[in-house]
file data.tsv (TSV, N, CA and C atoms)
chain	number	residue	atom	x	y	z
P	1288	GLY	N	0.80	-1.19	0.00
P	1288	GLY	CA	0.00	0.00	0.00
P	1288	GLY	C	0.85	1.25	0.00
P	1289	GLY	N	0.21	2.36	-0.23
P	1289	GLY	CA	0.87	3.65	-0.17
P	1289	GLY	C	1.68	4.03	-1.39
P	1290	THR	N	1.59	3.24	-2.47
P	1290	THR	CA	2.40	3.56	-3.64
P	1290	THR	C	1.80	4.70	-4.46
P	1291	ARG	N	0.52	4.98	-4.28
P	1291	ARG	CA	-0.13	6.06	-5.03
P	1291	ARG	C	-0.66	7.12	-4.06
P	1292	ILE	N	0.15	7.46	-3.11
P	1292	ILE	CA	-0.27	8.40	-2.08
P	1292	ILE	C	-0.51	9.80	-2.65
P	1293	ASP	N	0.10	10.12	-3.79
P	1293	ASP	CA	-0.04	11.45	-4.36
P	1293	ASP	C	-1.44	11.73	-4.90
P	1294	THR	N	-2.32	10.74	-4.90
P	1294	THR	CA	-3.71	10.98	-5.31
P	1294	THR	C	-4.56	11.44	-4.13
P	1295	SER	N	-3.98	11.50	-2.95
P	1295	SER	CA	-4.69	11.95	-1.75
P	1295	SER	C	-4.27	13.37	-1.40
P	1296	SER	N	-4.95	13.95	-0.43
P	1296	SER	CA	-4.57	15.30	0.00
P	1296	SER	C	-5.01	15.52	1.44
P	1297	ASN	N	-4.54	16.63	1.99
P	1297	ASN	CA	-4.89	17.06	3.34
P	1297	ASN	C	-4.51	16.02	4.39
P	1298	ILE	N	-3.27	15.59	4.32
P	1298	ILE	CA	-2.75	14.60	5.27
P	1298	ILE	C	-1.46	15.11	5.87
P	1299	ILE	N	-1.35	14.96	7.19
P	1299	ILE	CA	-0.10	15.26	7.89
P	1299	ILE	C	0.37	13.97	8.55
P	1300	PHE	N	1.55	13.54	8.17
P	1300	PHE	CA	2.17	12.40	8.83
P	1300	PHE	C	3.13	12.94	9.86
P	1301	SER	N	3.05	12.44	11.07
P	1301	SER	CA	3.91	12.89	12.15
P	1301	SER	C	4.83	11.73	12.53
P	1302	ASN	N	6.12	11.96	12.44
P	1302	ASN	CA	7.11	10.93	12.71
P	1302	ASN	C	7.97	11.33	13.90
P	1303	GLY	N	7.71	10.72	15.05
P	1303	GLY	CA	8.55	10.94	16.23
P	1303	GLY	C	9.72	9.98	16.18
P	1304	LEU	N	10.92	10.51	16.07
P	1304	LEU	CA	12.09	9.65	15.86
P	1304	LEU	C	12.45	8.79	17.07
P	1305	LEU	N	11.87	9.09	18.24
P	1305	LEU	CA	12.10	8.23	19.42
P	1305	LEU	C	11.11	7.07	19.47
P	1306	ASP	N	10.19	7.05	18.52
P	1306	ASP	CA	9.19	5.99	18.44
P	1306	ASP	C	9.77	4.81	17.67
P	1307	PRO	N	9.73	3.60	18.23
P	1307	PRO	CA	10.26	2.45	17.50
P	1307	PRO	C	9.57	2.22	16.15
P	1308	TRP	N	8.34	2.72	16.01
P	1308	TRP	CA	7.61	2.55	14.75
P	1308	TRP	C	8.02	3.57	13.70
P	1309	SER	N	8.85	4.53	14.05
P	1309	SER	CA	9.17	5.61	13.12
P	1309	SER	C	9.85	5.13	11.84
P	1310	ALA	N	10.49	3.98	11.88
P	1310	ALA	CA	11.12	3.45	10.65
P	1310	ALA	C	10.07	3.16	9.58
P	1311	ALA	N	8.84	2.93	9.97
P	1311	ALA	CA	7.76	2.66	9.01
P	1311	ALA	C	7.01	3.94	8.65
P	1312	GLY	N	7.52	5.08	9.05
P	1312	GLY	CA	6.85	6.35	8.79
P	1312	GLY	C	6.94	6.78	7.34
P	1313	VAL	N	6.27	7.87	7.03
P	1313	VAL	CA	6.29	8.45	5.69
P	1313	VAL	C	7.28	9.61	5.71
P	1314	TYR	N	8.22	9.55	4.77
P	1314	TYR	CA	9.28	10.56	4.70
P	1314	TYR	C	9.46	11.01	3.26
P	1315	GLN	N	10.01	12.19	3.11
P	1315	GLN	CA	10.39	12.70	1.80
P	1315	GLN	C	11.56	11.86	1.30
P	1316	SER	N	11.58	11.56	0.00
P	1316	SER	CA	12.63	10.68	-0.51
P	1316	SER	C	14.02	11.31	-0.41
P	1317	GLN	N	14.12	12.61	-0.57
P	1317	GLN	CA	15.40	13.30	-0.48
P	1317	GLN	C	15.25	14.47	0.50
P	1318	PRO	N	15.20	14.18	1.79
P	1318	PRO	CA	14.97	15.27	2.75
P	1318	PRO	C	16.13	16.25	2.80
P	1319	SER	N	15.79	17.46	3.15
P	1319	SER	CA	16.79	18.50	3.30
P	1319	SER	C	17.62	18.23	4.56
P	1320	GLN	N	18.89	18.41	4.44
P	1320	GLN	CA	19.78	18.30	5.61
P	1320	GLN	C	20.08	19.69	6.16
P	1321	ASP	N	19.39	20.67	5.64
P	1321	ASP	CA	19.60	22.07	6.02
P	1321	ASP	C	19.29	22.27	7.50
P	1322	GLU	N	20.19	22.87	8.21
P	1322	GLU	CA	19.99	23.15	9.63
P	1322	GLU	C	19.39	24.53	9.85
P	1323	ALA	N	19.04	25.21	8.77
P	1323	ALA	CA	18.49	26.56	8.88
P	1323	ALA	C	17.08	26.51	9.47
P	1324	TYR	N	16.57	27.67	9.79
P	1324	TYR	CA	15.21	27.78	10.31
P	1324	TYR	C	14.31	28.38	9.25
P	1325	CYS	N	13.10	27.84	9.17
P	1325	CYS	CA	12.09	28.33	8.24
P	1325	CYS	C	10.98	29.00	9.05
P	1326	LYS	N	10.16	29.75	8.34
P	1326	LYS	CA	9.04	30.44	8.99
P	1326	LYS	C	7.78	30.22	8.18
P	1327	MET	N	6.66	30.14	8.89
P	1327	MET	CA	5.36	30.10	8.24
P	1327	MET	C	4.37	30.85	9.12
P	1328	LYS	N	3.29	31.30	8.49
P	1328	LYS	CA	2.27	32.04	9.22
P	1328	LYS	C	1.40	31.05	9.99
P	1329	GLY	N	1.19	31.33	11.26
P	1329	GLY	CA	0.35	30.50	12.10
P	1329	GLY	C	-1.11	30.88	11.98
P	1330	ILE	N	-1.94	30.23	12.77
P	1330	ILE	CA	-3.39	30.40	12.69
P	1330	ILE	C	-3.84	31.81	13.06
P	1331	SER	N	-3.19	32.43	14.00
P	1331	SER	CA	-3.60	33.79	14.39
P	1331	SER	C	-2.57	34.81	13.90
P	1332	ASP	N	-2.07	34.56	12.68
P	1332	ASP	CA	-1.09	35.42	12.02
P	1332	ASP	C	0.21	35.55	12.78
P	1333	ASP	N	0.44	34.67	13.76
P	1333	ASP	CA	1.74	34.67	14.40
P	1333	ASP	C	2.70	33.92	13.48
P	1334	ILE	N	3.97	34.08	13.70
P	1334	ILE	CA	4.99	33.45	12.87
P	1334	ILE	C	5.53	32.22	13.61
P	1335	ILE	N	5.48	31.08	12.93
P	1335	ILE	CA	6.03	29.84	13.48
P	1335	ILE	C	7.42	29.67	12.91
P	1336	GLN	N	8.41	29.57	13.76
P	1336	GLN	CA	9.79	29.35	13.33
P	1336	GLN	C	10.18	27.93	13.72
P	1337	TYR	N	10.67	27.16	12.77
P	1337	TYR	CA	10.97	25.74	13.00
P	1337	TYR	C	12.18	25.35	12.15
P	1338	PRO	N	12.87	24.28	12.52
P	1338	PRO	CA	13.98	23.82	11.68
P	1338	PRO	C	13.46	23.39	10.31
P	1339	CYS	N	14.09	23.83	9.24
P	1339	CYS	CA	13.62	23.54	7.89
P	1339	CYS	C	13.52	22.04	7.62
P	1340	ASN	N	14.38	21.25	8.24
P	1340	ASN	CA	14.35	19.81	7.98
P	1340	ASN	C	13.25	19.10	8.78
P	1341	MET	N	12.42	19.85	9.49
P	1341	MET	CA	11.32	19.26	10.26
P	1341	MET	C	10.09	19.01	9.40
P	1342	LEU	N	9.86	19.84	8.39
P	1342	LEU	CA	8.66	19.77	7.56
P	1342	LEU	C	9.04	19.29	6.17
P	1343	HIS	N	8.45	18.17	5.75
P	1343	HIS	CA	8.73	17.58	4.44
P	1343	HIS	C	7.46	17.62	3.60
P	1344	ASN	N	7.56	18.11	2.38
P	1344	ASN	CA	6.46	18.00	1.42
P	1344	ASN	C	6.54	16.62	0.79
P	1345	ILE	N	5.51	15.84	0.96
P	1345	ILE	CA	5.47	14.51	0.38
P	1345	ILE	C	4.97	14.57	-1.05
P	1346	THR	N	4.04	15.48	-1.31
P	1346	THR	CA	3.54	15.70	-2.67
P	1346	THR	C	3.99	17.08	-3.14
P	1347	SER	N	4.09	17.24	-4.44
P	1347	SER	CA	4.59	18.50	-4.99
P	1347	SER	C	3.68	19.68	-4.70
P	1348	ASN	N	2.38	19.44	-4.50
P	1348	ASN	CA	1.46	20.54	-4.24
P	1348	ASN	C	1.31	20.86	-2.75
P	1349	GLY	N	2.02	20.14	-1.89
P	1349	GLY	CA	1.95	20.41	-0.46
P	1349	GLY	C	0.70	19.89	0.21
P	1350	GLY	N	-0.09	19.08	-0.49
P	1350	GLY	CA	-1.32	18.53	0.08
P	1350	GLY	C	-1.07	17.43	1.10
P	1351	ILE	N	0.13	16.86	1.06
P	1351	ILE	CA	0.51	15.85	2.04
P	1351	ILE	C	1.89	16.25	2.56
P	1352	VAL	N	2.00	16.35	3.87
P	1352	VAL	CA	3.27	16.73	4.48
P	1352	VAL	C	3.62	15.73	5.59
P	1353	ALA	N	4.88	15.69	5.91
P	1353	ALA	CA	5.34	14.86	7.02
P	1353	ALA	C	6.15	15.75	7.96
P	1354	LEU	N	5.92	15.57	9.23
P	1354	LEU	CA	6.68	16.28	10.25
P	1354	LEU	C	7.66	15.31	10.89
P	1355	ILE	N	8.86	15.76	11.12
P	1355	ILE	CA	9.89	14.96	11.78
P	1355	ILE	C	10.15	15.58	13.14
P	1356	LEU	N	9.80	14.84	14.19
P	1356	LEU	CA	10.00	15.31	15.56
P	1356	LEU	C	11.21	14.58	16.12
P	1357	ASP	N	12.34	15.26	16.16
P	1357	ASP	CA	13.58	14.61	16.59
P	1357	ASP	C	13.51	14.10	18.03
P	1358	LEU	N	12.76	14.78	18.87
P	1358	LEU	CA	12.63	14.34	20.27
P	1358	LEU	C	11.20	13.88	20.56
P	1359	GLY	N	10.51	13.43	19.53
P	1359	GLY	CA	9.13	13.00	19.69
P	1359	GLY	C	9.03	11.49	19.74
P	1360	ALA	N	8.05	11.02	20.48
P	1360	ALA	CA	7.74	9.59	20.53
P	1360	ALA	C	6.34	9.41	19.95
P	1361	HIS	N	5.77	8.27	20.16
P	1361	HIS	CA	4.49	7.91	19.56
P	1361	HIS	C	3.41	8.95	19.85
P	1362	HIS	N	2.96	9.62	18.84
P	1362	HIS	CA	1.96	10.71	18.81
P	1362	HIS	C	2.07	11.72	19.95
P	1363	LEU	N	3.29	12.12	20.27
P	1363	LEU	CA	3.51	13.16	21.29
P	1363	LEU	C	2.79	14.45	20.92
P	1364	ASP	N	2.81	14.81	19.64
P	1364	ASP	CA	2.19	16.06	19.20
P	1364	ASP	C	0.68	16.04	19.30
P	1365	LEU	N	0.08	14.86	19.46
P	1365	LEU	CA	-1.38	14.76	19.58
P	1365	LEU	C	-1.84	14.71	21.04
P	1366	MET	N	-0.90	14.68	21.95
P	1366	MET	CA	-1.23	14.67	23.38
P	1366	MET	C	-1.45	16.10	23.85
P	1367	TYR	N	-1.96	16.23	25.06
P	1367	TYR	CA	-2.12	17.56	25.65
P	1367	TYR	C	-0.76	18.22	25.75
P	1368	SER	N	-0.74	19.53	25.52
P	1368	SER	CA	0.53	20.24	25.60
P	1368	SER	C	0.96	20.39	27.06
P	1369	ASP	N	2.25	20.45	27.23
P	1369	ASP	CA	2.85	20.56	28.55
P	1369	ASP	C	4.02	21.52	28.45
P	1370	LYS	N	4.27	22.27	29.50
P	1370	LYS	CA	5.36	23.25	29.47
P	1370	LYS	C	6.72	22.59	29.24
P	1371	ASP	N	6.82	21.30	29.53
P	1371	ASP	CA	8.09	20.59	29.36
P	1371	ASP	C	8.21	19.89	28.01
P	1372	ASP	N	7.24	20.07	27.13
P	1372	ASP	CA	7.32	19.46	25.80
P	1372	ASP	C	8.54	20.00	25.06
P	1373	PRO	N	9.20	19.15	24.28
P	1373	PRO	CA	10.33	19.64	23.49
P	1373	PRO	C	9.84	20.60	22.40
P	1374	PRO	N	10.71	21.49	21.95
P	1374	PRO	CA	10.31	22.46	20.92
P	1374	PRO	C	9.72	21.81	19.67
P	1375	CYS	N	10.21	20.61	19.31
P	1375	CYS	CA	9.67	19.96	18.10
P	1375	CYS	C	8.18	19.66	18.26
P	1376	ALA	N	7.73	19.28	19.44
P	1376	ALA	CA	6.31	18.99	19.66
P	1376	ALA	C	5.49	20.29	19.65
P	1377	GLN	N	6.03	21.32	20.25
P	1377	GLN	CA	5.33	22.61	20.26
P	1377	GLN	C	5.18	23.14	18.84
P	1378	ASN	N	6.26	23.05	18.06
P	1378	ASN	CA	6.21	23.51	16.66
P	1378	ASN	C	5.28	22.64	15.83
P	1379	ALA	N	5.33	21.33	16.05
P	1379	ALA	CA	4.47	20.42	15.29
P	1379	ALA	C	3.00	20.77	15.49
P	1380	ARG	N	2.61	21.04	16.71
P	1380	ARG	CA	1.20	21.39	16.98
P	1380	ARG	C	0.79	22.66	16.24
P	1381	LYS	N	1.67	23.64	16.25
P	1381	LYS	CA	1.36	24.90	15.56
P	1381	LYS	C	1.28	24.69	14.05
P	1382	ILE	N	2.20	23.91	13.51
P	1382	ILE	CA	2.20	23.63	12.07
P	1382	ILE	C	0.95	22.84	11.69
P	1383	GLU	N	0.62	21.82	12.47
P	1383	GLU	CA	-0.58	21.02	12.20
P	1383	GLU	C	-1.82	21.89	12.24
P	1384	GLU	N	-1.91	22.74	13.25
P	1384	GLU	CA	-3.06	23.64	13.38
P	1384	GLU	C	-3.16	24.56	12.17
P	1385	SER	N	-2.03	25.06	11.70
P	1385	SER	CA	-2.02	25.97	10.56
P	1385	SER	C	-2.49	25.27	9.29
P	1386	PHE	N	-1.96	24.07	9.04
P	1386	PHE	CA	-2.38	23.32	7.84
P	1386	PHE	C	-3.86	22.97	7.90
P	1387	ILE	N	-4.32	22.45	9.03
P	1387	ILE	CA	-5.72	22.03	9.16
P	1387	ILE	C	-6.65	23.23	9.01
P	1388	SER	N	-6.29	24.35	9.60
P	1388	SER	CA	-7.11	25.57	9.47
P	1388	SER	C	-7.18	26.01	8.01
P	1389	LYS	N	-6.05	25.95	7.31
P	1389	LYS	CA	-6.01	26.32	5.89
P	1389	LYS	C	-6.91	25.39	5.08
P	1390	TRP	N	-6.85	24.10	5.36
P	1390	TRP	CA	-7.66	23.14	4.62
P	1390	TRP	C	-9.16	23.35	4.88
P	1391	ILE	N	-9.52	23.65	6.12
P	1391	ILE	CA	-10.93	23.93	6.44
P	1391	ILE	C	-11.39	25.19	5.72
P	1392	GLU	N	-10.55	26.21	5.72
P	1392	GLU	CA	-10.88	27.45	5.04
P	1392	GLU	C	-11.09	27.21	3.54
P	1393	GLN	N	-10.22	26.40	2.94
P	1393	GLN	CA	-10.37	26.08	1.52
P	1393	GLN	C	-11.68	25.33	1.27
P	1394	TRP	N	-12.03	24.41	2.15
P	1394	TRP	CA	-13.27	23.65	2.00
P	1394	TRP	C	-14.48	24.59	2.08
P	1395	VAL	N	-14.46	25.50	3.05
P	1395	VAL	CA	-15.57	26.45	3.20
P	1395	VAL	C	-15.68	27.31	1.95
P	1396	ASP	N	-14.55	27.80	1.44
P	1396	ASP	CA	-14.57	28.62	0.23
P	1396	ASP	C	-15.16	27.85	-0.95
P	1397	GLN	N	-14.79	26.57	-1.08
P	1397	GLN	CA	-15.33	25.75	-2.17
P	1397	GLN	C	-16.83	25.56	-2.02
P	1398	ARG	N	-17.29	25.38	-0.78
P	1398	ARG	CA	-18.73	25.21	-0.54
P	1398	ARG	C	-19.47	26.49	-0.90
P	1399	VAL	N	-18.93	27.64	-0.56
P	1399	VAL	CA	-19.57	28.92	-0.87
P	1399	VAL	C	-19.69	29.07	-2.39
P	1400	ILE	N	-18.62	28.76	-3.10
P	1400	ILE	CA	-18.64	28.86	-4.57
P	1400	ILE	C	-19.66	27.88	-5.14
P	1401	HIS	N	-19.65	26.66	-4.63
P	1401	HIS	CA	-20.58	25.63	-5.11
P	1401	HIS	C	-22.03	26.07	-4.85
P	1402	ASN	N	-22.30	26.60	-3.66
P	1402	ASN	CA	-23.67	27.03	-3.33
P	1402	ASN	C	-24.10	28.22	-4.19
P	1403	ARG	N	-23.19	29.13	-4.47
P	1403	ARG	CA	-23.53	30.26	-5.35
P	1403	ARG	C	-23.90	29.76	-6.74
P	1404	TYR	N	-23.14	28.79	-7.22
P	1404	TYR	CA	-23.43	28.21	-8.53
P	1404	TYR	C	-24.80	27.56	-8.54
P	1405	ARG	N	-25.14	26.81	-7.48
P	1405	ARG	CA	-26.44	26.14	-7.40
P	1405	ARG	C	-27.58	27.16	-7.34
P	1406	VAL	N	-27.41	28.23	-6.59
P	1406	VAL	CA	-28.44	29.28	-6.50
P	1406	VAL	C	-28.62	29.92	-7.87
P	1407	ARG	N	-27.52	30.21	-8.56
P	1407	ARG	CA	-27.60	30.81	-9.90
P	1407	ARG	C	-28.35	29.88	-10.85
P	1408	GLU	N	-28.04	28.59	-10.80
P	1408	GLU	CA	-28.71	27.61	-11.65
P	1408	GLU	C	-30.22	27.60	-11.37
P	1409	LYS	N	-30.60	27.61	-10.10
P	1409	LYS	CA	-32.03	27.62	-9.73
P	1409	LYS	C	-32.71	28.87	-10.26
P	1410	LEU	N	-32.04	30.01	-10.11
P	1410	LEU	CA	-32.62	31.26	-10.60
P	1410	LEU	C	-32.82	31.21	-12.11
P	1411	LEU	N	-31.84	30.70	-12.82
P	1411	LEU	CA	-31.95	30.59	-14.27
P	1411	LEU	C	-33.07	29.64	-14.67
P	1412	GLN	N	-33.20	28.51	-13.94
P	1412	GLN	CA	-34.28	27.56	-14.22
P	1412	GLN	C	-35.65	28.21	-14.00
P	1413	ASN	N	-35.77	28.92	-12.88
P	1413	ASN	CA	-37.05	29.59	-12.58
P	1413	ASN	C	-37.36	30.67	-13.60
P	1414	GLN	N	-36.33	31.40	-14.02
P	1414	GLN	CA	-36.53	32.45	-15.01
P	1414	GLN	C	-36.99	31.85	-16.33
P	1415	SER	N	-36.37	30.75	-16.75
P	1415	SER	CA	-36.77	30.14	-18.02
P	1415	SER	C	-38.18	29.58	-17.94
P	1416	ARG	N	-38.60	29.09	-16.79
P	1416	ARG	CA	-39.97	28.59	-16.62
P	1416	ARG	C	-40.97	29.74	-16.71
P	1417	ASN	N	-40.61	30.87	-16.15
P	1417	ASN	CA	-41.50	32.03	-16.16
P	1417	ASN	C	-41.59	32.69	-17.54
P	1418	ASP	N	-40.59	32.47	-18.39
P	1418	ASP	CA	-40.60	33.05	-19.73
P	1418	ASP	C	-41.49	32.27	-20.67
P	1419	ILE	N	-41.94	31.10	-20.31
P	1419	ILE	CA	-42.79	30.29	-21.17
P	1419	ILE	C	-44.21	30.84	-21.09
P	1420	SER	N	-44.77	31.14	-22.22
P	1420	SER	CA	-46.14	31.64	-22.21
P	1420	SER	C	-47.08	30.59	-22.80
P	1421	ILE	N	-48.27	30.54	-22.27
P	1421	ILE	CA	-49.27	29.59	-22.74
P	1421	ILE	C	-50.20	30.32	-23.68
P	1422	VAL	N	-50.40	29.76	-24.84
P	1422	VAL	CA	-51.26	30.39	-25.84
P	1422	VAL	C	-52.61	29.73	-25.88
call {"tool": "encode", "arguments": {"input": "data.tsv", "output": "structure tokens"}}
result
Amino acid sequence: GGTRIDTSSNIIFSNGLLDPWSAAGVYQSQPSQDEAYCKMKGISDDIIQYPCNMLHNITSNGGIVALILDLGAHHLDLMYSDKDDPPCAQNARKIEESFISKWIEQWVDQRVIHNRYRVREKLLQNQSRNDISIV
């Protein structure tokens, strides 16, 4: 399985490297070894700064990503936050929240467009029915 993963979207794979199962995780085929820091906009327009090699695009359109938590274990990022969490878990939560919020926003926008189209179609149907005259 998983050979055609690029046909899916809106997936975040979280790989905690302290997890014995992490060897079976989803990773970018040629991950960056860059030790630099990257930035992305968070959910409340705050800036999330994280190591660039933490976030991997699995698909070219960014619809599937993988997070690498160097000090993470089995679903640490999905547990309740704690002041003692390692920075990788704190960053992972912010990144996950940002991606999920973006995906929800895109879905809502698509629904609005779809509903506008349906309303327009109904109006046109009603208009064409009203234009028919009986002789």
call {"tool": "atom_distance", "arguments": {"input": "data.tsv", "atom1": "atom N of Met1341 (chain P)", "atom2": "atom C of Lys1381 (chain P)"}}
result
13.0 Å
call {"tool": "residues_around", "arguments": {"input": "data.tsv", "residues": "Ser1301 (chain P)", "least_positions_apart": "4", "cutoff": "10 Å", "atoms": "only C-alpha atoms", "output": "list in words"}}
result
Ser1309, Gly1312, Val1313, Tyr1314, Met1341, Leu1342, Val1352, Ala1353, Leu1354, Ile1355, Leu1356, Gly1359, Ala1360, His1361, His1362, Leu1363, Asp1364, Leu1365, Ala1376, Ala1379 and Glu1383 of chain P
call {"tool": "atom_distance", "arguments": {"input": "data.tsv", "atom1": "CA of Arg1380 (chain P)", "atom2": "CA of Ser1368 (chain P)"}}
result
8.7 Å
call {"tool": "closest_residue", "arguments": {"input": "data.tsv", "among": "P:Ala1323, P:Asp1333, P:Asp1306, P:Ser1296", "to": "Ser1385 (chain P)", "atoms": "only C-alpha atoms"}}
result
P:Asp1333
call {"tool": "closest_residue", "arguments": {"input": "data.tsv", "among": "P:Gly1350, P:Tyr1367, P:Asn1402, P:Cys1375", "to": "Ile1299 (chain P)", "atoms": "all atoms listed in the file"}}
result
P:Gly1350
